[in-house]
>>> print(open('query24.cif').read())   # mmCIF, C-alpha atoms
data_model
#
loop_
_atom_site.label_atom_id
_atom_site.label_comp_id
_atom_site.auth_asym_id
_atom_site.auth_seq_id
_atom_site.Cartn_x
_atom_site.Cartn_y
_atom_site.Cartn_z
CA MET A 1 4.22 -31.83 2.57
CA LYS A 2 6.70 -31.48 5.42
CA TYR A 3 6.11 -27.72 5.45
CA VAL A 4 2.34 -28.20 5.83
CA LEU A 5 2.85 -30.69 8.67
CA LYS A 6 5.26 -28.28 10.33
CA ILE A 7 2.68 -25.49 10.18
CA MET A 8 -0.03 -27.78 11.53
CA LYS A 9 2.09 -28.52 14.62
CA THR A 10 2.41 -24.87 15.65
CA LYS A 11 0.50 -23.35 18.56
CA THR A 12 -0.90 -20.61 16.36
CA PHE A 13 -2.48 -23.11 13.98
CA SER A 14 -3.91 -25.12 16.88
CA PHE A 15 -5.36 -22.01 18.48
CA ALA A 16 -6.82 -20.75 15.20
CA LEU A 17 -8.36 -24.15 14.44
CA ALA A 18 -9.86 -24.46 17.94
CA PHE A 19 -11.19 -20.92 17.79
CA PHE A 20 -12.73 -21.47 14.37
CA LEU A 21 -14.34 -24.73 15.51
CA GLN A 22 -15.80 -23.03 18.58
CA LEU A 23 -17.26 -20.23 16.46
CA LEU A 24 -18.66 -22.77 14.02
CA PHE A 25 -20.18 -24.80 16.86
CA LEU A 26 -21.71 -21.69 18.41
CA PHE A 27 -23.08 -20.58 15.04
CA ILE A 28 -24.65 -24.01 14.42
CA ILE A 29 -26.21 -24.10 17.88
CA LEU A 30 -27.64 -20.59 17.55
CA ARG A 31 -28.97 -21.36 14.08
CA TYR A 32 -30.53 -24.62 15.26
CA LEU A 33 -32.12 -23.01 18.32
CA SER A 34 -33.49 -20.15 16.26
CA THR A 35 -35.20 -22.57 13.86
CA ILE A 36 -36.75 -24.50 16.75
CA SER A 37 -37.98 -21.51 18.67
CA GLN A 38 -39.11 -18.21 17.24
CA PHE A 39 -38.73 -16.74 20.72
CA ILE A 40 -34.98 -17.38 20.71
CA SER A 41 -34.76 -15.93 17.22
CA TYR A 42 -36.53 -12.76 18.37
CA ILE A 43 -34.25 -12.47 21.40
CA LEU A 44 -31.12 -12.82 19.26
CA THR A 45 -32.44 -10.28 16.75
CA GLY A 46 -33.24 -7.88 19.60
CA ILE A 47 -29.72 -8.31 21.01
CA GLY A 48 -28.34 -7.60 17.54
CA ILE A 49 -30.39 -4.41 17.27
CA LEU A 50 -29.28 -3.27 20.73
CA ILE A 51 -25.67 -3.91 19.78
CA CYS A 52 -26.15 -1.92 16.56
CA ILE A 53 -27.46 1.00 18.63
CA ARG A 54 -24.44 0.67 20.93
CA VAL A 55 -22.11 0.63 17.92
CA PHE A 56 -23.66 3.82 16.55
CA ASN A 57 -23.28 5.58 19.90
CA ARG A 58 -19.66 4.51 20.26
CA ASP A 59 -16.88 7.09 19.92
CA SER A 60 -14.97 5.71 16.94
CA ASP A 61 -14.57 6.26 13.23
CA SER A 62 -17.63 5.84 11.03
CA SER A 63 -16.07 3.21 8.77
CA SER A 64 -15.63 0.74 11.62
CA LYS A 65 -19.16 1.49 12.83
CA LEU A 66 -20.59 0.70 9.40
CA LEU A 67 -18.56 -2.48 9.14
CA TRP A 68 -19.86 -3.78 12.47
CA VAL A 69 -23.46 -2.80 11.73
CA PHE A 70 -23.38 -4.47 8.30
CA LEU A 71 -21.87 -7.62 9.79
CA ILE A 72 -24.46 -7.74 12.57
CA LEU A 73 -27.40 -7.03 10.27
CA LEU A 74 -26.34 -9.32 7.43
CA VAL A 75 -25.44 -12.28 9.63
CA PRO A 76 -27.20 -11.49 12.92
CA PHE A 77 -26.19 -14.50 14.99
CA PHE A 78 -22.60 -14.74 13.86
CA GLY A 79 -22.10 -10.96 13.69
CA THR A 80 -23.37 -10.48 17.23
CA VAL A 81 -21.06 -13.15 18.60
CA VAL A 82 -18.05 -11.80 16.71
CA TYR A 83 -18.79 -8.27 17.92
CA LEU A 84 -19.10 -9.44 21.52
CA LEU A 85 -15.72 -11.18 21.18
CA PHE A 86 -13.75 -8.53 19.28
CA GLY A 87 -15.78 -5.34 18.93
CA GLU A 88 -15.27 -3.76 22.33
CA ARG A 89 -11.52 -3.33 22.10
CA ARG A 90 -10.46 -0.24 23.97
CA ILE A 91 -7.70 2.12 22.96
CA PRO A 92 -5.11 2.50 25.76
CA HIS A 93 -5.50 5.75 27.68
CA GLN A 94 -1.94 6.94 27.02
CA LEU A 95 -2.38 6.39 23.27
CA MET A 96 -5.59 8.45 23.32
CA ILE A 97 -3.80 11.29 25.14
CA THR A 98 -0.90 11.19 22.67
CA THR A 99 -3.32 11.21 19.74
CA ARG A 100 -5.21 14.22 21.10
CA VAL A 101 -1.96 16.12 21.74
CA ASN A 102 -0.88 15.38 18.17
CA GLU A 103 -4.25 16.53 16.84
CA GLN A 104 -3.89 19.81 18.73
CA ALA A 105 -0.41 20.29 17.24
CA TYR A 106 -1.78 19.58 13.75
CA ILE A 107 -4.54 22.13 14.28
CA ARG A 108 -2.01 24.72 15.45
CA TYR A 109 0.29 24.04 12.48
CA GLY A 110 -2.71 24.02 10.15
CA LEU A 111 -3.76 27.48 11.29
CA THR A 112 -0.20 28.70 10.84
CA ASN A 113 -0.16 27.12 7.40
CA GLN A 114 -3.40 28.90 6.45
CA GLU A 115 -2.00 32.24 7.61
CA ILE A 116 1.04 31.74 5.38
CA ILE A 117 -1.14 30.77 2.41
CA HIS A 118 -3.12 34.02 2.72
CA ARG A 119 0.10 36.03 2.64
CA VAL A 120 1.54 34.25 -0.41
CA GLU A 121 0.71 35.89 -3.72
CA ASP A 122 2.02 33.29 -6.15
CA PRO A 123 -0.89 30.90 -7.08
CA PHE A 124 1.51 28.07 -7.95
CA LEU A 125 3.15 28.34 -4.53
CA LYS A 126 -0.28 28.36 -2.85
CA LYS A 127 -1.14 25.11 -4.63
CA MET A 128 2.18 23.59 -3.53
CA ILE A 129 1.58 24.56 0.10
CA ASN A 130 -1.96 23.16 0.01
CA MET A 131 -0.76 19.95 -1.59
CA SER A 132 1.98 19.44 1.00
CA TRP A 133 -0.47 20.02 3.86
CA ASN A 134 -3.22 17.81 2.43
CA SER A 135 -0.91 14.94 1.52
CA GLY A 136 0.96 14.65 4.79
CA TYR A 137 0.41 17.65 7.08
CA PHE A 138 3.69 19.23 6.02
CA SER A 139 3.67 22.84 7.16
CA ALA A 140 5.05 25.76 5.24
CA TYR A 141 7.40 28.16 6.99
CA GLU A 142 8.20 31.75 6.25
CA ASN A 143 11.70 33.19 5.89
CA SER A 144 13.27 29.89 4.99
CA TYR A 145 15.70 29.14 2.21
CA LEU A 146 16.20 26.00 0.19
CA GLU A 147 19.04 25.18 -2.12
CA TYR A 148 19.31 21.98 -4.14
CA TYR A 149 22.69 20.26 -4.22
CA PRO A 150 22.73 17.50 -6.83
CA THR A 151 24.76 14.39 -6.09
CA TRP A 152 27.77 13.63 -8.26
CA ARG A 153 25.80 10.77 -9.92
CA SER A 154 22.88 13.02 -10.78
CA THR A 155 22.22 13.41 -14.49
CA ILE A 156 19.85 16.34 -14.15
#
>>> encode(input="query24.cif", output="structure tokens")
Amino acid sequence: MKYVLKIMKTKTFSFALAFFLQLLFLFIILRYLSTISQFISYILTGIGILICIRVFNRDSDSSSKLLWVFLILLVPFFGTVVYLLFGERRIPHQLMITTRVNEQAYIRYGLTNQEIIHRVEDPFLKKMINMSWNSGYFSAYENSYLEYYPTWRSTI
């Protein structure tokens, strides 16, 4: 019981409770207004459709687009409000630059990896190289040597 009271006194809990109550209040008001006036309902549905179009035209991954569109279309009033609050988060510019540089490096290493695969004749080794690239973008290198040194506890 003391633990629950301790959690309830934290700022995080207070913020989360206040935020949830505000969302609930906003949802109830929008729902009430939409039942009173069809005009308000049409406006909110139109805003939801416009936001869905904006989501589809956004430059992001398709899974997040589908999540937002499903949320907005299944629960139009609540989904629209939640998207307006959280959906327009921007990726910092430096992070985008770093990501694009890394993608270019992966493309370059991937092309090198494909060149090595075409030169390898052993089918088992080709499968190993493909598996290492597909599972974690681990490149294969030519003219390298590997030797396994077992530890003194190894039972192999």
>>> axis_aligned_box(input="query24.cif", around="region 140-144 of chain A", padding_each_side="5 Å", output="JSON")
{"center_x": 9.2, "center_y": 29.5, "center_z": 6.0, "size_x": 18.2, "size_y": 17.4, "size_z": 12.0}
>>> residues_around(input="query24.cif", residues="Leu73 (chain A)", least_positions_apart="6", cutoff="12 Å", atoms="all atoms listed in the file", output="PDB file with C-alpha atoms, in the coordinates of the input")
ATOM      1  CA  LEU A  44     -31.120 -12.820  19.260  1.00  0.00           C
ATOM      2  CA  THR A  45     -32.440 -10.280  16.750  1.00  0.00           C
ATOM      3  CA  GLY A  46     -33.240  -7.880  19.600  1.00  0.00           C
ATOM      4  CA  ILE A  47     -29.720  -8.310  21.010  1.00  0.00           C
ATOM      5  CA  GLY A  48     -28.340  -7.600  17.540  1.00  0.00           C
ATOM      6  CA  ILE A  49     -30.390  -4.410  17.270  1.00  0.00           C
ATOM      7  CA  LEU A  50     -29.280  -3.270  20.730  1.00  0.00           C
ATOM      8  CA  ILE A  51     -25.670  -3.910  19.780  1.00  0.00           C
ATOM      9  CA  CYS A  52     -26.150  -1.920  16.560  1.00  0.00           C
ATOM     10  CA  ILE A  53     -27.460   1.000  18.630  1.00  0.00           C
ATOM     11  CA  LEU A  66     -20.590   0.700   9.400  1.00  0.00           C
ATOM     12  CA  LEU A  67     -18.560  -2.480   9.140  1.00  0.00           C
ATOM     13  CA  GLY A  79     -22.100 -10.960  13.690  1.00  0.00           C
ATOM     14  CA  THR A  80     -23.370 -10.480  17.230  1.00  0.00           C
ATOM     15  CA  TYR A  83     -18.790  -8.270  17.920  1.00  0.00           C
TER      16      TYR A  83
END
>>> resolve_selection(input="query24.cif", expression="the PyMOL selection byres ((chain A and resi 137-148) around 10)", output="JSON, numbers by chain")
{"A": [106, 107, 109, 110, 111, 112, 113, 114, 115, 116, 117, 119, 120, 128, 129, 130, 131, 132, 133, 134, 135, 136, 149, 150, 151]}
>>> atom_distance(input="query24.cif", atom1="CA of Phe19 (chain A)", atom2="CA of Ser64 (chain A)")
23.0 Å
>>> atom_distance(input="query24.cif", atom1="CA of Leu17 (chain A)", atom2="CA of Tyr32 (chain A)")
22.2 Å
>>> atom_distance(input="query24.cif", atom1="CA of Val82 (chain A)", atom2="CA of Ile7 (chain A)")
25.7 Å
>>> closest_residue(input="query24.cif", among="A:Val69, A:Leu125, A:Ala105, A:Leu5", to="Gly87 (chain A)", atoms="only C-alpha atoms")
A:Val69
>>> closest_residue(input="query24.cif", among="A:Phe70, A:Tyr3, A:Phe77, A:Phe15", to="Leu33 (chain A)", atoms="all atoms listed in the file")
A:Phe77
>>> closest_residue(input="query24.cif", among="A:Val81, A:Arg54, A:Ile40, A:Thr10", to="Gln22 (chain A)", atoms="all atoms listed in the file")
A:Val81
>>> build_atoms(input="query24.cif", residues="region 48-73 of chain A", atoms="N, CA, C and O atoms", output="short mmCIF file (atom, residue, chain, number, x, y, z; two decimals), in the frame of the given file")
data_model
loop_
_atom_site.label_atom_id
_atom_site.label_comp_id
_atom_site.auth_asym_id
_atom_site.auth_seq_id
_atom_site.Cartn_x
_atom_site.Cartn_y
_atom_site.Cartn_z
N GLY A 48 -29.07 -8.18 18.68
CA GLY A 48 -28.34 -7.60 17.54
C GLY A 48 -28.69 -6.14 17.32
O GLY A 48 -27.82 -5.31 17.06
N ILE A 49 -29.97 -5.81 17.44
CA ILE A 49 -30.39 -4.41 17.27
C ILE A 49 -29.83 -3.54 18.38
O ILE A 49 -29.35 -2.42 18.13
N LEU A 50 -29.86 -4.03 19.62
CA LEU A 50 -29.28 -3.27 20.73
C LEU A 50 -27.78 -3.05 20.53
O LEU A 50 -27.26 -1.96 20.81
N ILE A 51 -27.11 -4.06 20.04
CA ILE A 51 -25.67 -3.91 19.78
C ILE A 51 -25.43 -2.91 18.66
O ILE A 51 -24.49 -2.12 18.71
N CYS A 52 -26.29 -2.91 17.64
CA CYS A 52 -26.15 -1.92 16.56
C CYS A 52 -26.32 -0.51 17.10
O CYS A 52 -25.59 0.41 16.71
N ILE A 53 -27.27 -0.32 18.01
CA ILE A 53 -27.46 1.00 18.63
C ILE A 53 -26.22 1.38 19.42
O ILE A 53 -25.75 2.51 19.37
N ARG A 54 -25.66 0.41 20.16
CA ARG A 54 -24.44 0.67 20.93
C ARG A 54 -23.28 1.03 20.01
O ARG A 54 -22.49 1.92 20.30
N VAL A 55 -23.19 0.34 18.88
CA VAL A 55 -22.11 0.63 17.92
C VAL A 55 -22.25 2.04 17.39
O VAL A 55 -21.25 2.77 17.27
N PHE A 56 -23.47 2.46 17.07
CA PHE A 56 -23.66 3.82 16.55
C PHE A 56 -23.33 4.88 17.58
O PHE A 56 -22.87 5.96 17.24
N ASN A 57 -23.56 4.60 18.85
CA ASN A 57 -23.28 5.58 19.90
C ASN A 57 -21.83 5.55 20.37
O ASN A 57 -21.45 6.37 21.20
N ARG A 58 -21.05 4.64 19.86
CA ARG A 58 -19.66 4.51 20.26
C ARG A 58 -18.83 5.63 19.67
O ARG A 58 -19.11 6.13 18.58
N ASP A 59 -17.78 6.03 20.39
CA ASP A 59 -16.88 7.09 19.92
C ASP A 59 -15.75 6.46 19.11
O ASP A 59 -14.72 6.12 19.66
N SER A 60 -16.00 6.27 17.82
CA SER A 60 -14.97 5.71 16.94
C SER A 60 -15.24 6.22 15.53
O SER A 60 -16.18 6.96 15.29
N ASP A 61 -14.41 5.80 14.60
CA ASP A 61 -14.57 6.26 13.23
C ASP A 61 -15.79 5.60 12.58
O ASP A 61 -16.18 4.50 12.92
N SER A 62 -16.38 6.30 11.63
CA SER A 62 -17.63 5.84 11.03
C SER A 62 -17.45 4.60 10.17
O SER A 62 -18.37 3.80 10.04
N SER A 63 -16.26 4.39 9.61
CA SER A 63 -16.07 3.21 8.77
C SER A 63 -16.13 1.93 9.59
O SER A 63 -16.70 0.94 9.16
N SER A 64 -15.55 1.94 10.79
CA SER A 64 -15.63 0.74 11.62
C SER A 64 -17.05 0.53 12.14
O SER A 64 -17.51 -0.60 12.27
N LYS A 65 -17.77 1.62 12.41
CA LYS A 65 -19.16 1.49 12.83
C LYS A 65 -19.99 0.82 11.75
O LYS A 65 -20.75 -0.11 12.02
N LEU A 66 -19.82 1.29 10.50
CA LEU A 66 -20.59 0.70 9.40
C LEU A 66 -20.24 -0.76 9.18
O LEU A 66 -21.12 -1.58 8.91
N LEU A 67 -18.98 -1.09 9.31
CA LEU A 67 -18.56 -2.48 9.14
C LEU A 67 -19.24 -3.38 10.17
O LEU A 67 -19.79 -4.43 9.82
N TRP A 68 -19.22 -2.97 11.43
CA TRP A 68 -19.86 -3.78 12.47
C TRP A 68 -21.37 -3.88 12.26
O TRP A 68 -21.95 -4.96 12.40
N VAL A 69 -22.01 -2.77 11.91
CA VAL A 69 -23.46 -2.80 11.73
C VAL A 69 -23.83 -3.69 10.55
O VAL A 69 -24.77 -4.50 10.64
N PHE A 70 -23.10 -3.60 9.44
CA PHE A 70 -23.38 -4.47 8.30
C PHE A 70 -23.18 -5.93 8.66
O PHE A 70 -23.99 -6.79 8.29
N LEU A 71 -22.13 -6.23 9.39
CA LEU A 71 -21.87 -7.62 9.79
C LEU A 71 -22.99 -8.13 10.68
O LEU A 71 -23.49 -9.24 10.50
N ILE A 72 -23.41 -7.31 11.64
CA ILE A 72 -24.46 -7.74 12.57
C ILE A 72 -25.80 -7.88 11.86
O ILE A 72 -26.55 -8.82 12.12
N LEU A 73 -26.11 -6.97 10.94
CA LEU A 73 -27.40 -7.03 10.27
C LEU A 73 -27.46 -8.08 9.16
O LEU A 73 -28.51 -8.67 8.93
#
